[in-house]
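For reference, the structure discussed in these notes is given below.
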Amino acid sequence: MTLEATYICIDNSECMRNGDFAPTRLASVTDACNVLCSQKTNMNPENGVGFLTMANERVNIVETLTQDLGRLISALTNLTTGGKLNLIQGLQVGQLGLKHRMNKNQRQRIVAFIGSKVDNTEKELVMLAKRLKKNSVSVDIVCFGCDENIPLLEKFIETVNSKQQDKDTSHLLVVQEGQSVADTMCSSAIINPDGPPSGGGSMFDVDPNLDPELAMVLRMSMEEERARQERNRAEQGGDPSQSAPPETQAATETAPAPTTEDEVLAMAMKMSLDEANQAEKAAEGNSGQEPMEMDEDMDEEAQMAMALKLSMQNNTDPEYDAMMDDENLTAEMAADLGIDVKKNEKPDGDGKQ
């Protein structure tokens with residue numbers, strides 16, 4: 001897990017009152033900041049997050065670096081708009097706040113939300129980008145509502161960016177009008193630096209940013225189940241690429257899904273008989289007994305009686321062997337289940353029951 005200290009720089013200029021990003025640009029940024037703060041604090045309990053505003057009369061540090069998510073969310077609700085954006089000064093103050101972080105092992109990152117025109121020149125931004133790169137500060141920028149900023153910000157990110165394990169450490173995200181800032185950011189490298197989950201979405205349709213505990217439990221459960229299956233395959237000495245015999249796989253692929261209660265009962269009974277027959281075949285060499293098979297002419301009660309008898313035969317406990325020899329006890333157990341064993345017995349060669 002990455003250990004980071006992050007300063008969020010928010011554009012709260014007069015342009016952030018616009019309603020092209022519902023309900024307003026500033027409200028959209030606030031929602032995105034809530035998601036970002038949750039992601040950073042959940043990623044590592046020692047991560048620190050702070051944020052500042054870059055407009056009004058001066059750059060204002062609203063919250064210093066903290067691990068308290070409640071303080072961050074509470075402070076985000078008190079933002080006001082006014083004045084013009086001062087991007088360079090905001091980034092410089094963010095860098096200064098990261099420099100004085102308590103834990104020097106934390107990586108430094110600035111995430112800036114820009115929704116109004118940048119008045120600084122390209123030369124000024126490139127000089128600042130070189131200074132940030134020299135001090136190992138990564139910068140993520142979310143730009144929306146002002147397309148004329150894009151070439152300038154692309155040059156800035158290109159200058160400040162550096163490679164770590166063949167991955168970019170700084171990113172530029174452009175949100176088009178009509179899109180949600182928070183949703184677009186969740187699917188970007190700002191939230192998912194390692195890329196989206198396999199399959200193009202979150203496992204089990206659970207957003208790890210909204211419910212990280214549930215996502216972690218599901219992931220651990222899947223890993224444990226995968227490890228258990230691997231152990232079973234290794235013990236059986238089979239091919240790890242095959243999780244079941246071909247007959248079982250074919251039956252699973254071709255069998256239709258049961259729709260009624262009778263079909264469910266019939267399928268469960270058939271599976272029980274199949275398992276019993278497989279166990280009988282495996283023990284045939286030792287016991288010398290022929291496996292019992294179900295007659296197609298048997299009615300439902302006869303099939304249930306046969307399943308009961310097979311399940312008792314599969315038990316190797318001596319007490320169960322004694323129960324097997326006691327026909328009266330077997331008849332009583334069948335009677336408890338509402339099965340008339342005598343009624344379903346096959347006639348002998350003379351036609352007698």
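Starting from 1 in every chain, residues are counted up; chains themselves are A, B, ... following the order of the structure tokens, and ligands are numbered from 1 as listed.
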
Quiz item: Using only C-alpha atoms, which residues sit within 9 Å of Leu152 (chain A) once same-chain residues fewer than 2 positions away are excluded, as a PyMOL selection string?
Solution: chain A and resi 118+121-122+125+148-150+154-157

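Note that CA of Ala234 (chain A) and CA of Met222 (chain A) are 18.4 Å apart.
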
Exercise. Write down as an MDAnalysis selection string the residues belonging to region 50-227 of chain A that are assigned strand (DSSP E or B) by DSSP computed on the backbone.
Key: chainID A and resid 50:53 60:66 107:114 137:144 163:164 167:168 171:175

Requested write-out: N, CA and C atoms of the selected residues, as a CSV table (one decimal), in the first residue's frame:
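Contents of the output file part29.csv:
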```csv
chain,number,residue,atom,x,y,z
A,50,GLY,N,-4.7,16.9,3.2
A,50,GLY,CA,-5.1,18.3,3.6
A,50,GLY,C,-5.6,19.0,2.3
A,51,PHE,N,-6.2,20.1,2.5
A,51,PHE,CA,-6.6,20.8,1.3
A,51,PHE,C,-6.7,22.3,1.5
A,52,LEU,N,-6.6,23.0,0.4
A,52,LEU,CA,-6.5,24.5,0.4
A,52,LEU,C,-7.4,25.0,-0.8
A,53,THR,N,-7.7,26.3,-0.7
A,53,THR,CA,-8.4,27.0,-1.8
A,53,THR,C,-7.5,28.0,-2.5
A,60,ASN,N,-5.7,29.9,0.8
A,60,ASN,CA,-6.1,29.6,2.2
A,60,ASN,C,-6.0,28.1,2.5
A,61,ILE,N,-5.2,27.8,3.5
A,61,ILE,CA,-5.2,26.4,3.9
A,61,ILE,C,-6.4,26.1,4.8
A,62,VAL,N,-7.3,25.3,4.3
A,62,VAL,CA,-8.5,25.0,5.0
A,62,VAL,C,-8.3,23.9,6.1
A,63,GLU,N,-7.5,22.9,5.7
A,63,GLU,CA,-7.2,21.8,6.6
A,63,GLU,C,-5.8,21.3,6.4
A,64,THR,N,-5.0,21.3,7.4
A,64,THR,CA,-3.6,20.7,7.3
A,64,THR,C,-3.7,19.2,7.2
A,65,LEU,N,-2.5,18.6,7.0
A,65,LEU,CA,-2.5,17.1,6.8
A,65,LEU,C,-3.0,16.4,8.0
A,66,THR,N,-4.0,15.5,7.8
A,66,THR,CA,-4.6,14.8,8.8
A,66,THR,C,-5.1,13.4,8.3
A,107,ARG,N,5.2,9.7,0.4
A,107,ARG,CA,5.4,10.3,-0.9
A,107,ARG,C,4.5,11.6,-1.0
A,108,GLN,N,5.0,12.5,-1.8
A,108,GLN,CA,4.3,13.8,-1.8
A,108,GLN,C,3.5,13.9,-3.1
A,109,ARG,N,2.2,14.3,-3.0
A,109,ARG,CA,1.3,14.5,-4.1
A,109,ARG,C,0.4,15.6,-3.9
A,110,ILE,N,0.1,16.3,-5.0
A,110,ILE,CA,-0.8,17.4,-5.1
A,110,ILE,C,-1.9,17.1,-6.1
A,111,VAL,N,-3.2,17.2,-5.7
A,111,VAL,CA,-4.3,17.0,-6.6
A,111,VAL,C,-5.0,18.4,-6.7
A,112,ALA,N,-5.0,18.9,-7.9
A,112,ALA,CA,-5.6,20.2,-8.2
A,112,ALA,C,-6.9,20.1,-9.0
A,113,PHE,N,-8.0,20.8,-8.6
A,113,PHE,CA,-9.2,20.9,-9.4
A,113,PHE,C,-9.3,22.3,-9.9
A,114,ILE,N,-9.4,22.4,-11.3
A,114,ILE,CA,-9.4,23.7,-12.0
A,114,ILE,C,-10.6,23.8,-12.8
A,137,VAL,N,7.7,15.9,-6.1
A,137,VAL,CA,6.3,16.1,-5.8
A,137,VAL,C,5.5,15.7,-7.1
A,138,SER,N,4.6,14.8,-7.0
A,138,SER,CA,3.7,14.4,-8.1
A,138,SER,C,2.5,15.2,-8.1
A,139,VAL,N,2.0,15.5,-9.3
A,139,VAL,CA,0.8,16.4,-9.4
A,139,VAL,C,-0.2,15.8,-10.3
A,140,ASP,N,-1.5,15.7,-9.8
A,140,ASP,CA,-2.6,15.3,-10.6
A,140,ASP,C,-3.5,16.5,-10.8
A,141,ILE,N,-4.0,16.7,-12.0
A,141,ILE,CA,-4.9,17.9,-12.3
A,141,ILE,C,-6.1,17.4,-12.9
A,142,VAL,N,-7.3,17.9,-12.4
A,142,VAL,CA,-8.6,17.6,-12.9
A,142,VAL,C,-9.1,18.9,-13.5
A,143,CYS,N,-9.2,19.0,-14.8
A,143,CYS,CA,-9.6,20.2,-15.5
A,143,CYS,C,-11.0,20.0,-16.1
A,144,PHE,N,-11.9,21.0,-15.9
A,144,PHE,CA,-13.2,20.9,-16.4
A,144,PHE,C,-13.8,22.3,-16.6
A,163,LYS,N,8.8,8.8,-14.3
A,163,LYS,CA,8.5,7.4,-14.4
A,163,LYS,C,8.9,6.7,-13.1
A,164,GLN,N,8.0,5.8,-12.6
A,164,GLN,CA,8.3,4.9,-11.5
A,164,GLN,C,7.7,3.6,-11.8
A,167,LYS,N,5.4,3.5,-14.8
A,167,LYS,CA,4.1,4.2,-14.6
A,167,LYS,C,4.3,5.7,-14.4
A,168,ASP,N,3.4,6.5,-15.0
A,168,ASP,CA,3.4,7.9,-14.8
A,168,ASP,C,3.0,8.2,-13.4
A,171,HIS,N,-0.8,13.0,-13.6
A,171,HIS,CA,-1.8,12.8,-14.6
A,171,HIS,C,-2.7,14.0,-14.8
A,172,LEU,N,-3.2,14.1,-16.0
A,172,LEU,CA,-4.1,15.2,-16.3
A,172,LEU,C,-5.4,14.5,-16.7
A,173,LEU,N,-6.5,14.9,-16.0
A,173,LEU,CA,-7.8,14.4,-16.3
A,173,LEU,C,-8.7,15.5,-16.8
A,174,VAL,N,-9.3,15.4,-18.0
A,174,VAL,CA,-10.2,16.4,-18.5
A,174,VAL,C,-11.6,15.8,-18.5
A,175,VAL,N,-12.5,16.5,-17.8
A,175,VAL,CA,-13.9,16.1,-17.7
A,175,VAL,C,-14.8,17.0,-18.6
```
